[in-house]
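The structure appears right after this line, and notes come after that.
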Amino acid sequence: MSLLTVGSVAFDAIETPFGKTDKIIGGAGTYIALAAAFYNNEQNIVSVVGEDFPEEMLNQLKDRNVNIDGLQIKKGEKTFFWSGKYHNDMNSRDTLVTELNVLEHFDPIIPEHYQGADFLLLGNLSPQVQAQVIERLTVRPKLIAMDTMNFWMDIAMDDLKKTISMVDILIINDEEARQLSGEYSLVKASKVIRAIGPKYLIIKKGEHGALLFEGDRVFFAPALPLEEVFDPTGAGDTFAGGFMGYLASTNDISFENMKRAIINGSALASFCVEKFGTERLMTITKADLEKRIEQFVALTNFEMVHAIS
Ligand code: AMP
């Protein structure tokens, strides 16, 4: 199937208890595209970078069959820059710098040959831009998923809620779910958020896994217990890219298949955090991914032999 992804392609500078990077390549769109590239889909990206963005990375995306015709390169302008610092628990972070640069006036132009996309993943971007993308598609995709972050809740809550009302799946973390709903209990939060519009809600809980809500059904997937988490940046986007990449490649949007998609996303995210930035995702193979998925299956699989009498 075809998967259209929209998301930032960026420079990041990251600080964790393990070390610090200078400007490295990041961006939600980059992580999504790299993760979704593990699945057999036609993958198209809409994004924007400045003249300073390395061509080599664009070639890396092309090598992975990501169509970048919709990735605008703005002459004389600078690429979006984000910098963050993780706390010791690695589950929370502070944003140090957000320089919107080319994202400030981003006009998400959809190339004609991208029209008719079966699946759409809206990476974390301004909710106005996310809505514009939906409005510019001549045919509504079979499934629309979106990610967002506290940054937009702080400055554009009304627009954000409007965009959320237009999608099928919202993918956010626990802190964001609490902020968006005003509820501490994630079960209560899930009801408030789904009342805005989306049929499905995925709440990511970092090292504590992810929850999928639909109707009265809930599915929980663990995160793989890792000895060392080096850098969580992009784990959420990688999760979303794996989730949608899997759904699109299987062309099955049943709740049962969404469970498998969540495991795929979680497995890819578990690789992402093992090195700084996109480094680990760039080097793993499909065989590595399959092995890790088996680890996930083993992690939660058990047989109940003694019935309660
Ligand atoms: P994650 O760790 O999954 O939340 O995503 C981190 C990525 O999001 C980084 O690579 C950043 O470049 C990107 N990012 C951070 N803030 C924004 C923003 N306001 N708009 C778009 N992308 C962002």
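Labels used: A, B, ... for chains in the order of the structure tokens, numbers from 1 for residues in each chain, and numbers from 1 for ligands as shown.
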Protein and nucleic residues near ligand 1, 7 Å, only C-alpha atoms and all ligand atoms, as a ChimeraX atom specification: /A:7-12,26-28,81-82,98,124-126,151,232-238
Same residues, N, CA, C and O atoms, saved as a PDB file, in the first residue's frame:
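The new file again-v1.pdb reads:
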```pdb
ATOM      1  N   GLY A   7       6.396  15.170   8.203  1.00  0.00           N
ATOM      2  CA  GLY A   7       7.076  15.386   9.484  1.00  0.00           C
ATOM      3  C   GLY A   7       8.349  16.169   9.306  1.00  0.00           C
ATOM      4  O   GLY A   7       8.843  16.327   8.179  1.00  0.00           O
ATOM      5  N   SER A   8       8.862  16.661  10.411  1.00  0.00           N
ATOM      6  CA  SER A   8      10.069  17.479  10.342  1.00  0.00           C
ATOM      7  C   SER A   8      11.283  16.645   9.949  1.00  0.00           C
ATOM      8  O   SER A   8      11.421  15.487  10.344  1.00  0.00           O
ATOM      9  N   VAL A   9      12.122  17.253   9.146  1.00  0.00           N
ATOM     10  CA  VAL A   9      13.451  16.699   8.851  1.00  0.00           C
ATOM     11  C   VAL A   9      14.382  17.777   9.393  1.00  0.00           C
ATOM     12  O   VAL A   9      14.277  18.943   9.013  1.00  0.00           O
ATOM     13  N   ALA A  10      15.245  17.397  10.321  1.00  0.00           N
ATOM     14  CA  ALA A  10      15.818  18.424  11.188  1.00  0.00           C
ATOM     15  C   ALA A  10      17.277  18.184  11.566  1.00  0.00           C
ATOM     16  O   ALA A  10      17.844  17.126  11.297  1.00  0.00           O
ATOM     17  N   PHE A  11      17.813  19.201  12.234  1.00  0.00           N
ATOM     18  CA  PHE A  11      19.065  19.027  12.975  1.00  0.00           C
ATOM     19  C   PHE A  11      18.702  19.018  14.452  1.00  0.00           C
ATOM     20  O   PHE A  11      17.875  19.831  14.900  1.00  0.00           O
ATOM     21  N   ASP A  12      19.300  18.106  15.196  1.00  0.00           N
ATOM     22  CA  ASP A  12      19.086  18.025  16.646  1.00  0.00           C
ATOM     23  C   ASP A  12      20.430  18.126  17.364  1.00  0.00           C
ATOM     24  O   ASP A  12      21.456  17.698  16.824  1.00  0.00           O
ATOM     25  N   GLY A  26      18.092  14.646  12.648  1.00  0.00           N
ATOM     26  CA  GLY A  26      16.941  14.147  13.385  1.00  0.00           C
ATOM     27  C   GLY A  26      15.672  14.573  12.678  1.00  0.00           C
ATOM     28  O   GLY A  26      15.659  14.726  11.455  1.00  0.00           O
ATOM     29  N   GLY A  27      14.646  14.765  13.460  1.00  0.00           N
ATOM     30  CA  GLY A  27      13.361  15.174  12.898  1.00  0.00           C
ATOM     31  C   GLY A  27      12.396  14.005  12.898  1.00  0.00           C
ATOM     32  O   GLY A  27      12.774  12.875  12.588  1.00  0.00           O
ATOM     33  N   ALA A  28      11.145  14.326  13.242  1.00  0.00           N
ATOM     34  CA  ALA A  28      10.132  13.274  13.321  1.00  0.00           C
ATOM     35  C   ALA A  28       9.982  12.554  11.981  1.00  0.00           C
ATOM     36  O   ALA A  28       9.911  11.325  11.927  1.00  0.00           O
ATOM     37  N   PHE A  81      15.805  23.376  13.747  1.00  0.00           N
ATOM     38  CA  PHE A  81      16.786  22.902  14.736  1.00  0.00           C
ATOM     39  C   PHE A  81      16.111  22.730  16.081  1.00  0.00           C
ATOM     40  O   PHE A  81      15.373  23.614  16.551  1.00  0.00           O
ATOM     41  N   TRP A  82      16.362  21.595  16.698  1.00  0.00           N
ATOM     42  CA  TRP A  82      15.802  21.316  18.026  1.00  0.00           C
ATOM     43  C   TRP A  82      16.913  20.787  18.923  1.00  0.00           C
ATOM     44  O   TRP A  82      17.783  20.029  18.486  1.00  0.00           O
ATOM     45  N   THR A  98      14.219  25.522  20.259  1.00  0.00           N
ATOM     46  CA  THR A  98      13.427  25.165  19.072  1.00  0.00           C
ATOM     47  C   THR A  98      13.554  26.326  18.106  1.00  0.00           C
ATOM     48  O   THR A  98      13.038  27.409  18.357  1.00  0.00           O
ATOM     49  N   ASN A 124       4.750  14.927  14.207  1.00  0.00           N
ATOM     50  CA  ASN A 124       4.634  16.100  15.051  1.00  0.00           C
ATOM     51  C   ASN A 124       5.015  17.377  14.299  1.00  0.00           C
ATOM     52  O   ASN A 124       6.187  17.604  14.013  1.00  0.00           O
ATOM     53  N   LEU A 125       4.017  18.190  13.992  1.00  0.00           N
ATOM     54  CA  LEU A 125       4.204  19.475  13.300  1.00  0.00           C
ATOM     55  C   LEU A 125       3.101  20.402  13.780  1.00  0.00           C
ATOM     56  O   LEU A 125       2.218  19.951  14.514  1.00  0.00           O
ATOM     57  N   SER A 126       3.086  21.628  13.313  1.00  0.00           N
ATOM     58  CA  SER A 126       2.014  22.517  13.773  1.00  0.00           C
ATOM     59  C   SER A 126       0.666  21.926  13.346  1.00  0.00           C
ATOM     60  O   SER A 126       0.529  21.401  12.233  1.00  0.00           O
ATOM     61  N   PHE A 151       4.439  21.027  23.183  1.00  0.00           N
ATOM     62  CA  PHE A 151       4.737  22.332  22.575  1.00  0.00           C
ATOM     63  C   PHE A 151       3.468  22.932  21.932  1.00  0.00           C
ATOM     64  O   PHE A 151       3.145  24.099  22.132  1.00  0.00           O
ATOM     65  N   PRO A 232      16.818   8.465  23.962  1.00  0.00           N
ATOM     66  CA  PRO A 232      15.428   8.178  23.560  1.00  0.00           C
ATOM     67  C   PRO A 232      14.896   9.052  22.425  1.00  0.00           C
ATOM     68  O   PRO A 232      13.777   8.840  21.982  1.00  0.00           O
ATOM     69  N   THR A 233      15.665  10.015  21.955  1.00  0.00           N
ATOM     70  CA  THR A 233      15.158  10.912  20.907  1.00  0.00           C
ATOM     71  C   THR A 233      14.683  10.109  19.693  1.00  0.00           C
ATOM     72  O   THR A 233      15.401   9.242  19.204  1.00  0.00           O
ATOM     73  N   GLY A 234      13.497  10.421  19.250  1.00  0.00           N
ATOM     74  CA  GLY A 234      12.987   9.792  18.029  1.00  0.00           C
ATOM     75  C   GLY A 234      12.329   8.445  18.266  1.00  0.00           C
ATOM     76  O   GLY A 234      11.773   7.859  17.333  1.00  0.00           O
ATOM     77  N   ALA A 235      12.366   7.946  19.495  1.00  0.00           N
ATOM     78  CA  ALA A 235      11.775   6.628  19.757  1.00  0.00           C
ATOM     79  C   ALA A 235      10.276   6.653  19.453  1.00  0.00           C
ATOM     80  O   ALA A 235       9.740   5.717  18.868  1.00  0.00           O
ATOM     81  N   GLY A 236       9.619   7.755  19.816  1.00  0.00           N
ATOM     82  CA  GLY A 236       8.184   7.866  19.574  1.00  0.00           C
ATOM     83  C   GLY A 236       7.866   7.896  18.080  1.00  0.00           C
ATOM     84  O   GLY A 236       6.904   7.278  17.621  1.00  0.00           O
ATOM     85  N   ASP A 237       8.667   8.610  17.318  1.00  0.00           N
ATOM     86  CA  ASP A 237       8.450   8.698  15.868  1.00  0.00           C
ATOM     87  C   ASP A 237       8.765   7.359  15.205  1.00  0.00           C
ATOM     88  O   ASP A 237       8.084   6.939  14.278  1.00  0.00           O
ATOM     89  N   THR A 238       9.810   6.716  15.703  1.00  0.00           N
ATOM     90  CA  THR A 238      10.188   5.411  15.169  1.00  0.00           C
ATOM     91  C   THR A 238       9.063   4.418  15.423  1.00  0.00           C
ATOM     92  O   THR A 238       8.697   3.626  14.545  1.00  0.00           O
TER      93      THR A 238
END
```
Spatial neighbours of A:Met282, 10 Å, only C-alpha atoms, chain gap at least 2 places, as a list in words: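 The residues that qualify are Tyr31, Leu34, Ala35, Gln60, Leu61, Arg64, Cys272, Gly277, Thr278, Glu279, Arg280, Ile284 and Thr285 of chain A.
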Long-range neighbours of stretch 40-43 of chain A as a PyMOL selection string, 10 Å cut-off, only C-alpha atoms, 6 positions minimum in chain: chain A and resi 1-5+33+64-68+114+117-119+245-251
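Within the 9 Å cut-off around A:Leu224, using only C-alpha atoms and omitting residues fewer than 4 positions from it on the same chain, the listed residues are Glu207, His208, Gly209, Ser266, Ala267, Ser270, Arg292, Gln295, Phe296 and Leu299 of chain A.
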Would you mind exporting the chosen residues as a JSON list (two decimals), in the first residue's frame, restricted to all heavy atoms?
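Writing the result to selection.json gives the following:
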```json
[["chain", "number", "residue", "atom", "x", "y", "z"],
["A", 207, "GLU", "N", 9.80, 3.58, 28.65],
["A", 207, "GLU", "CA", 10.29, 2.24, 29.01],
["A", 207, "GLU", "C", 9.19, 1.36, 29.58],
["A", 207, "GLU", "O", 9.39, 0.17, 29.82],
["A", 207, "GLU", "CB", 11.45, 2.35, 30.01],
["A", 207, "GLU", "CG", 11.02, 2.95, 31.32],
["A", 207, "GLU", "CD", 12.10, 2.86, 32.41],
["A", 207, "GLU", "OE1", 12.83, 1.86, 32.45],
["A", 207, "GLU", "OE2", 12.19, 3.81, 33.21],
["A", 208, "HIS", "N", 8.00, 1.94, 29.82],
["A", 208, "HIS", "CA", 6.89, 1.14, 30.34],
["A", 208, "HIS", "C", 5.89, 0.72, 29.26],
["A", 208, "HIS", "O", 4.77, 0.34, 29.57],
["A", 208, "HIS", "CB", 6.17, 1.89, 31.46],
["A", 208, "HIS", "CG", 7.10, 2.30, 32.56],
["A", 208, "HIS", "ND1", 7.80, 1.38, 33.30],
["A", 208, "HIS", "CD2", 7.49, 3.51, 33.00],
["A", 208, "HIS", "CE1", 8.58, 2.03, 34.16],
["A", 208, "HIS", "NE2", 8.41, 3.33, 34.00],
["A", 209, "GLY", "N", 6.29, 0.79, 28.01],
["A", 209, "GLY", "CA", 5.47, 0.24, 26.95],
["A", 209, "GLY", "C", 4.45, 1.18, 26.36],
["A", 209, "GLY", "O", 4.60, 2.41, 26.42],
["A", 266, "SER", "N", 7.24, -1.03, 18.58],
["A", 266, "SER", "CA", 8.01, -1.10, 19.83],
["A", 266, "SER", "C", 9.39, -1.71, 19.58],
["A", 266, "SER", "O", 10.38, -1.28, 20.18],
["A", 266, "SER", "CB", 7.27, -1.95, 20.87],
["A", 266, "SER", "OG", 5.97, -1.45, 21.07],
["A", 267, "ALA", "N", 9.43, -2.72, 18.71],
["A", 267, "ALA", "CA", 10.72, -3.37, 18.42],
["A", 267, "ALA", "C", 11.66, -2.38, 17.74],
["A", 267, "ALA", "O", 12.85, -2.27, 18.11],
["A", 267, "ALA", "CB", 10.49, -4.59, 17.53],
["A", 270, "SER", "N", 12.93, 0.14, 20.17],
["A", 270, "SER", "CA", 13.94, -0.40, 21.10],
["A", 270, "SER", "C", 15.34, -0.35, 20.48],
["A", 270, "SER", "O", 16.34, -0.25, 21.19],
["A", 270, "SER", "CB", 13.58, -1.84, 21.53],
["A", 270, "SER", "OG", 13.84, -2.77, 20.51],
["A", 292, "ARG", "N", 14.19, -9.43, 17.05],
["A", 292, "ARG", "CA", 13.73, -8.64, 18.20],
["A", 292, "ARG", "C", 12.22, -8.81, 18.41],
["A", 292, "ARG", "O", 11.76, -8.82, 19.54],
["A", 292, "ARG", "CB", 14.10, -7.17, 18.02],
["A", 292, "ARG", "CG", 13.93, -6.44, 19.30],
["A", 292, "ARG", "CD", 14.87, -5.32, 19.48],
["A", 292, "ARG", "NE", 16.21, -5.67, 19.85],
["A", 292, "ARG", "CZ", 17.08, -4.79, 20.33],
["A", 292, "ARG", "NH1", 16.73, -3.55, 20.51],
["A", 292, "ARG", "NH2", 18.31, -5.16, 20.64],
["A", 295, "GLN", "N", 11.73, -11.71, 20.45],
["A", 295, "GLN", "CA", 12.00, -11.43, 21.87],
["A", 295, "GLN", "C", 10.77, -10.83, 22.54],
["A", 295, "GLN", "O", 10.47, -11.13, 23.68],
["A", 295, "GLN", "CB", 13.17, -10.45, 22.01],
["A", 295, "GLN", "CG", 14.53, -11.08, 21.88],
["A", 295, "GLN", "CD", 15.60, -10.01, 22.00],
["A", 295, "GLN", "OE1", 16.00, -9.42, 21.00],
["A", 295, "GLN", "NE2", 16.06, -9.73, 23.21],
["A", 296, "PHE", "N", 10.07, -9.98, 21.81],
["A", 296, "PHE", "CA", 8.85, -9.38, 22.35],
["A", 296, "PHE", "C", 7.78, -10.43, 22.60],
["A", 296, "PHE", "O", 7.10, -10.41, 23.62],
["A", 296, "PHE", "CB", 8.29, -8.32, 21.38],
["A", 296, "PHE", "CG", 8.81, -6.94, 21.68],
["A", 296, "PHE", "CD1", 9.99, -6.50, 21.12],
["A", 296, "PHE", "CD2", 8.11, -6.09, 22.51],
["A", 296, "PHE", "CE1", 10.48, -5.24, 21.39],
["A", 296, "PHE", "CE2", 8.59, -4.83, 22.79],
["A", 296, "PHE", "CZ", 9.79, -4.40, 22.23],
["A", 299, "LEU", "N", 8.66, -12.36, 25.61],
["A", 299, "LEU", "CA", 8.59, -11.54, 26.83],
["A", 299, "LEU", "C", 7.22, -11.62, 27.51],
["A", 299, "LEU", "O", 7.13, -11.56, 28.74],
["A", 299, "LEU", "CB", 8.88, -10.09, 26.43],
["A", 299, "LEU", "CG", 9.03, -9.04, 27.51],
["A", 299, "LEU", "CD1", 10.26, -9.34, 28.35],
["A", 299, "LEU", "CD2", 9.18, -7.66, 26.87]]
```
Point-to-point distance in Å for atom CA of A:Met146 and atom CA of A:Val229: 25.5 Å
If we count only C-alpha atoms and set the cut-off at 12 Å, which residues sit around A:Asn301, ignoring sequence neighbours fewer than 6 positions away in its own chain? Please answer as an mmCIF file with N, CA, C and O atoms, in the first residue's frame.
```
data_model
loop_
_atom_site.group_PDB
_atom_site.id
_atom_site.type_symbol
_atom_site.label_atom_id
_atom_site.label_comp_id
_atom_site.auth_asym_id
_atom_site.auth_seq_id
_atom_site.Cartn_x
_atom_site.Cartn_y
_atom_site.Cartn_z
ATOM 1 N N ALA A 221 1.276 -3.275 25.367
ATOM 2 C CA ALA A 221 2.519 -3.890 24.891
ATOM 3 C C ALA A 221 3.665 -3.368 25.743
ATOM 4 O O ALA A 221 3.755 -2.159 25.987
ATOM 5 N N PRO A 222 4.544 -4.259 26.197
ATOM 6 C CA PRO A 222 5.666 -3.787 26.998
ATOM 7 C C PRO A 222 6.737 -3.165 26.108
ATOM 8 O O PRO A 222 6.715 -3.331 24.895
ATOM 9 N N GLU A 294 10.650 -11.498 17.912
ATOM 10 C CA GLU A 294 10.536 -12.782 18.634
ATOM 11 C C GLU A 294 10.780 -12.578 20.122
ATOM 12 O O GLU A 294 10.140 -13.191 20.966
ATOM 13 N N GLN A 295 11.733 -11.711 20.446
ATOM 14 C CA GLN A 295 12.002 -11.428 21.868
ATOM 15 C C GLN A 295 10.768 -10.827 22.539
ATOM 16 O O GLN A 295 10.470 -11.129 23.681
#
```
Would you mind listing, for every residue of stretch 190-255 of chain A within 9 Å of stretch 168-185 of chain A, the two atoms forming the shortest contact and the distance between them in Å to one decimal, using only C-alpha atoms, sorted by chain and ascending residue number, as a tab-separated table?
```
residue	atom	partner	partner_atom	distance
A:Ser190	CA	A:Ala177	CA	7.5
A:Lys191	CA	A:Ser181	CA	8.7
A:Val192	CA	A:Ser181	CA	5.8
A:Ile193	CA	A:Ser181	CA	6.0
A:Arg194	CA	A:Leu170	CA	8.7
A:Gly197	CA	A:Asp168	CA	7.5
A:Pro198	CA	A:Asp168	CA	4.5
A:Lys199	CA	A:Asp168	CA	5.4
A:Tyr200	CA	A:Ile169	CA	4.7
A:Leu201	CA	A:Leu170	CA	5.0
A:Ile202	CA	A:Ile171	CA	4.7
A:Ile203	CA	A:Asn173	CA	5.0
A:Lys204	CA	A:Asn173	CA	4.3
A:Lys205	CA	A:Asp174	CA	5.7
A:Gly206	CA	A:Asn173	CA	7.7
A:Ala210	CA	A:Asn173	CA	8.5
A:Gly236	CA	A:Asn173	CA	8.1
A:Ala240	CA	A:Ile171	CA	7.4
```
Given only C-alpha atoms as the counted atoms, nearest of A:Lys259, A:Lys85, A:Lys161, A:Lys74 to A:Ala195: A:Lys161
Residues of stretch 19-233 of chain A in alpha helix (DSSP H), written as an MDAnalysis selection string: chainID A and resid 28:36 55:63 127:136 150:155 157:164 174:181 186:196
For the selection you just gave me, I'd like the residues written to a file as a JSON list (two decimals), in the first residue's frame, keeping C-alpha atoms.
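Contents of out.json, as written:
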```json
[["chain", "number", "residue", "atom", "x", "y", "z"],
["A", 28, "ALA", "CA", 10.13, 13.27, 13.32],
["A", 29, "GLY", "CA", 9.78, 12.74, 9.56],
["A", 30, "THR", "CA", 13.29, 11.29, 9.35],
["A", 31, "TYR", "CA", 12.70, 8.74, 12.11],
["A", 32, "ILE", "CA", 9.27, 7.84, 10.72],
["A", 33, "ALA", "CA", 10.62, 7.33, 7.21],
["A", 34, "LEU", "CA", 13.58, 5.24, 8.38],
["A", 35, "ALA", "CA", 11.33, 3.00, 10.49],
["A", 36, "ALA", "CA", 8.56, 2.64, 7.91],
["A", 55, "GLU", "CA", 22.42, 15.71, 0.47],
["A", 56, "GLU", "CA", 23.89, 12.48, 1.77],
["A", 57, "MET", "CA", 21.00, 12.00, 4.18],
["A", 58, "LEU", "CA", 18.49, 12.62, 1.41],
["A", 59, "ASN", "CA", 20.27, 9.94, -0.61],
["A", 60, "GLN", "CA", 20.02, 7.57, 2.37],
["A", 61, "LEU", "CA", 16.25, 8.03, 2.31],
["A", 62, "LYS", "CA", 16.12, 7.50, -1.45],
["A", 63, "ASP", "CA", 18.22, 4.33, -1.04],
["A", 127, "PRO", "CA", -1.64, 21.40, 13.89],
["A", 128, "GLN", "CA", -2.52, 23.91, 11.16],
["A", 129, "VAL", "CA", -0.03, 22.26, 8.81],
["A", 130, "GLN", "CA", -1.29, 18.80, 9.75],
["A", 131, "ALA", "CA", -4.88, 19.86, 9.00],
["A", 132, "GLN", "CA", -3.82, 21.46, 5.71],
["A", 133, "VAL", "CA", -2.35, 18.15, 4.57],
["A", 134, "ILE", "CA", -5.62, 16.32, 5.25],
["A", 135, "GLU", "CA", -7.58, 19.04, 3.46],
["A", 136, "ARG", "CA", -5.29, 18.93, 0.43],
["A", 150, "ASN", "CA", 3.18, 19.44, 24.54],
["A", 151, "PHE", "CA", 4.74, 22.33, 22.58],
["A", 152, "TRP", "CA", 1.52, 22.60, 20.47],
["A", 153, "MET", "CA", -0.72, 22.09, 23.52],
["A", 154, "ASP", "CA", 0.94, 25.11, 25.13],
["A", 155, "ILE", "CA", 0.60, 27.45, 22.16],
["A", 157, "MET", "CA", -4.65, 24.00, 21.89],
["A", 158, "ASP", "CA", -7.77, 24.97, 19.91],
["A", 159, "ASP", "CA", -6.18, 24.28, 16.52],
["A", 160, "LEU", "CA", -4.75, 21.07, 17.90],
["A", 161, "LYS", "CA", -8.13, 19.79, 19.03],
["A", 162, "LYS", "CA", -9.59, 20.66, 15.62],
["A", 163, "THR", "CA", -6.92, 18.60, 13.88],
["A", 164, "ILE", "CA", -7.28, 15.73, 16.34],
["A", 174, "ASP", "CA", 1.41, 9.66, 28.85],
["A", 175, "GLU", "CA", 2.41, 13.17, 29.91],
["A", 176, "GLU", "CA", 0.83, 14.62, 26.77],
["A", 177, "ALA", "CA", -2.36, 12.55, 27.28],
["A", 178, "ARG", "CA", -2.67, 14.01, 30.78],
["A", 179, "GLN", "CA", -2.10, 17.56, 29.57],
["A", 180, "LEU", "CA", -4.53, 17.20, 26.66],
["A", 181, "SER", "CA", -7.33, 15.67, 28.74],
["A", 186, "LEU", "CA", -4.87, 7.29, 31.52],
["A", 187, "VAL", "CA", -8.13, 5.34, 31.23],
["A", 188, "LYS", "CA", -10.13, 8.50, 31.94],
["A", 189, "ALA", "CA", -7.79, 10.51, 29.69],
["A", 190, "SER", "CA", -8.35, 8.04, 26.86],
["A", 191, "LYS", "CA", -12.12, 8.61, 27.06],
["A", 192, "VAL", "CA", -11.79, 12.40, 27.05],
["A", 193, "ILE", "CA", -9.37, 12.34, 24.13],
["A", 194, "ARG", "CA", -11.39, 9.90, 22.03],
["A", 195, "ALA", "CA", -14.46, 12.06, 22.59],
["A", 196, "ILE", "CA", -12.64, 14.74, 20.53]]
```
Strand (DSSP E) call set, DSSP backbone run, stretch 97-247 of chain A, as a PyMOL selection string: chain A and resi 97-99+119-122+143-147+169-173+200-204+210-214+217-221
Could you write out the selected residues, including N, CA and C atoms, as an mmCIF file, in the first residue's frame?
```
data_model
loop_
_atom_site.group_PDB
_atom_site.id
_atom_site.type_symbol
_atom_site.label_atom_id
_atom_site.label_comp_id
_atom_site.auth_asym_id
_atom_site.auth_seq_id
_atom_site.Cartn_x
_atom_site.Cartn_y
_atom_site.Cartn_z
ATOM 1 N N VAL A 97 16.178 24.305 22.951
ATOM 2 C CA VAL A 97 16.057 25.242 21.825
ATOM 3 C C VAL A 97 15.087 24.681 20.787
ATOM 4 N N THR A 98 14.219 25.522 20.259
ATOM 5 C CA THR A 98 13.427 25.165 19.072
ATOM 6 C C THR A 98 13.554 26.326 18.106
ATOM 7 N N GLU A 99 14.327 26.122 17.037
ATOM 8 C CA GLU A 99 14.430 27.157 15.988
ATOM 9 C C GLU A 99 13.643 26.670 14.791
ATOM 10 N N PHE A 119 -2.581 5.300 3.343
ATOM 11 C CA PHE A 119 -2.342 5.546 4.769
ATOM 12 C C PHE A 119 -1.625 6.889 4.912
ATOM 13 N N LEU A 120 -1.994 7.627 5.947
ATOM 14 C CA LEU A 120 -1.340 8.925 6.182
ATOM 15 C C LEU A 120 -0.863 8.995 7.626
ATOM 16 N N LEU A 121 0.406 9.344 7.791
ATOM 17 C CA LEU A 121 0.949 9.539 9.139
ATOM 18 C C LEU A 121 1.422 10.984 9.259
ATOM 19 N N LEU A 122 0.747 11.720 10.126
ATOM 20 C CA LEU A 122 1.106 13.117 10.358
ATOM 21 C C LEU A 122 2.041 13.173 11.550
ATOM 22 N N LEU A 143 -6.712 5.281 6.533
ATOM 23 C CA LEU A 143 -6.400 5.464 7.952
ATOM 24 C C LEU A 143 -5.464 6.664 8.122
ATOM 25 N N ILE A 144 -5.852 7.561 9.008
ATOM 26 C CA ILE A 144 -5.002 8.732 9.280
ATOM 27 C C ILE A 144 -4.550 8.681 10.741
ATOM 28 N N ALA A 145 -3.244 8.691 10.954
ATOM 29 C CA ALA A 145 -2.705 8.723 12.318
ATOM 30 C C ALA A 145 -1.947 10.017 12.502
ATOM 31 N N MET A 146 -1.950 10.534 13.720
ATOM 32 C CA MET A 146 -1.154 11.748 13.974
ATOM 33 C C MET A 146 -0.447 11.683 15.319
ATOM 34 N N ASP A 147 0.682 12.356 15.346
ATOM 35 C CA ASP A 147 1.467 12.511 16.570
ATOM 36 C C ASP A 147 1.444 14.010 16.892
ATOM 37 N N ILE A 169 -6.428 7.917 14.412
ATOM 38 C CA ILE A 169 -5.592 7.463 15.531
ATOM 39 C C ILE A 169 -4.715 8.614 16.014
ATOM 40 N N LEU A 170 -4.728 8.832 17.308
ATOM 41 C CA LEU A 170 -3.792 9.798 17.888
ATOM 42 C C LEU A 170 -2.731 9.005 18.654
ATOM 43 N N ILE A 171 -1.473 9.369 18.445
ATOM 44 C CA ILE A 171 -0.362 8.677 19.114
ATOM 45 C C ILE A 171 0.381 9.714 19.951
ATOM 46 N N ILE A 172 0.284 9.596 21.266
ATOM 47 C CA ILE A 172 0.952 10.570 22.140
ATOM 48 C C ILE A 172 1.544 9.866 23.357
ATOM 49 N N ASN A 173 2.338 10.578 24.150
ATOM 50 C CA ASN A 173 2.873 9.925 25.346
ATOM 51 C C ASN A 173 1.981 10.222 26.560
ATOM 52 N N TYR A 200 -9.260 5.573 17.716
ATOM 53 C CA TYR A 200 -8.182 4.872 18.415
ATOM 54 C C TYR A 200 -7.252 5.879 19.094
ATOM 55 N N LEU A 201 -6.704 5.441 20.229
ATOM 56 C CA LEU A 201 -5.695 6.265 20.894
ATOM 57 C C LEU A 201 -4.551 5.355 21.325
ATOM 58 N N ILE A 202 -3.349 5.761 21.005
ATOM 59 C CA ILE A 202 -2.177 5.031 21.507
ATOM 60 C C ILE A 202 -1.454 5.952 22.479
ATOM 61 N N ILE A 203 -1.237 5.457 23.685
ATOM 62 C CA ILE A 203 -0.469 6.226 24.667
ATOM 63 C C ILE A 203 0.859 5.506 24.892
ATOM 64 N N LYS A 204 1.960 6.214 24.568
ATOM 65 C CA LYS A 204 3.300 5.651 24.753
ATOM 66 C C LYS A 204 3.771 5.995 26.157
ATOM 67 N N ALA A 210 3.384 0.601 25.807
ATOM 68 C CA ALA A 210 2.369 1.412 25.125
ATOM 69 C C ALA A 210 0.988 0.796 25.288
ATOM 70 N N LEU A 211 -0.029 1.654 25.281
ATOM 71 C CA LEU A 211 -1.423 1.213 25.421
ATOM 72 C C LEU A 211 -2.194 1.603 24.169
ATOM 73 N N LEU A 212 -3.049 0.704 23.717
ATOM 74 C CA LEU A 212 -3.942 1.010 22.598
ATOM 75 C C LEU A 212 -5.381 0.949 23.103
ATOM 76 N N PHE A 213 -6.135 2.006 22.878
ATOM 77 C CA PHE A 213 -7.542 2.058 23.303
ATOM 78 C C PHE A 213 -8.449 2.137 22.074
ATOM 79 N N GLU A 214 -9.507 1.365 22.111
ATOM 80 C CA GLU A 214 -10.573 1.489 21.093
ATOM 81 C C GLU A 214 -11.862 0.980 21.726
ATOM 82 N N ARG A 217 -12.089 -1.738 24.427
ATOM 83 C CA ARG A 217 -10.924 -2.629 24.382
ATOM 84 C C ARG A 217 -9.630 -1.875 24.684
ATOM 85 N N VAL A 218 -8.747 -2.562 25.399
ATOM 86 C CA VAL A 218 -7.421 -1.988 25.677
ATOM 87 C C VAL A 218 -6.383 -3.069 25.403
ATOM 88 N N PHE A 219 -5.307 -2.702 24.753
ATOM 89 C CA PHE A 219 -4.178 -3.623 24.566
ATOM 90 C C PHE A 219 -2.939 -2.964 25.142
ATOM 91 N N PHE A 220 -2.141 -3.772 25.835
ATOM 92 C CA PHE A 220 -0.892 -3.248 26.399
ATOM 93 C C PHE A 220 0.300 -3.990 25.813
ATOM 94 N N ALA A 221 1.276 -3.275 25.367
ATOM 95 C CA ALA A 221 2.519 -3.890 24.891
ATOM 96 C C ALA A 221 3.665 -3.368 25.743
#
```
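In this model, the gap between atom CA of A:Leu281 and atom CA of A:Val49 comes to 20.8 Å.
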Distance query A:Glu228 at most 8 Å, only C-alpha atoms, self and fewer than 2 positions along chain excluded, as a PyMOL selection string: chain A and resi 226+230+274
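Put simply, atom CA of A:Phe276 is 25.3 Å away from atom CA of A:Ile73.
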For A:Pro111, the nearest of the candidates A:Met149, A:Ile253, A:Val46, A:Ala223, counting only C-alpha atoms: A:Val46
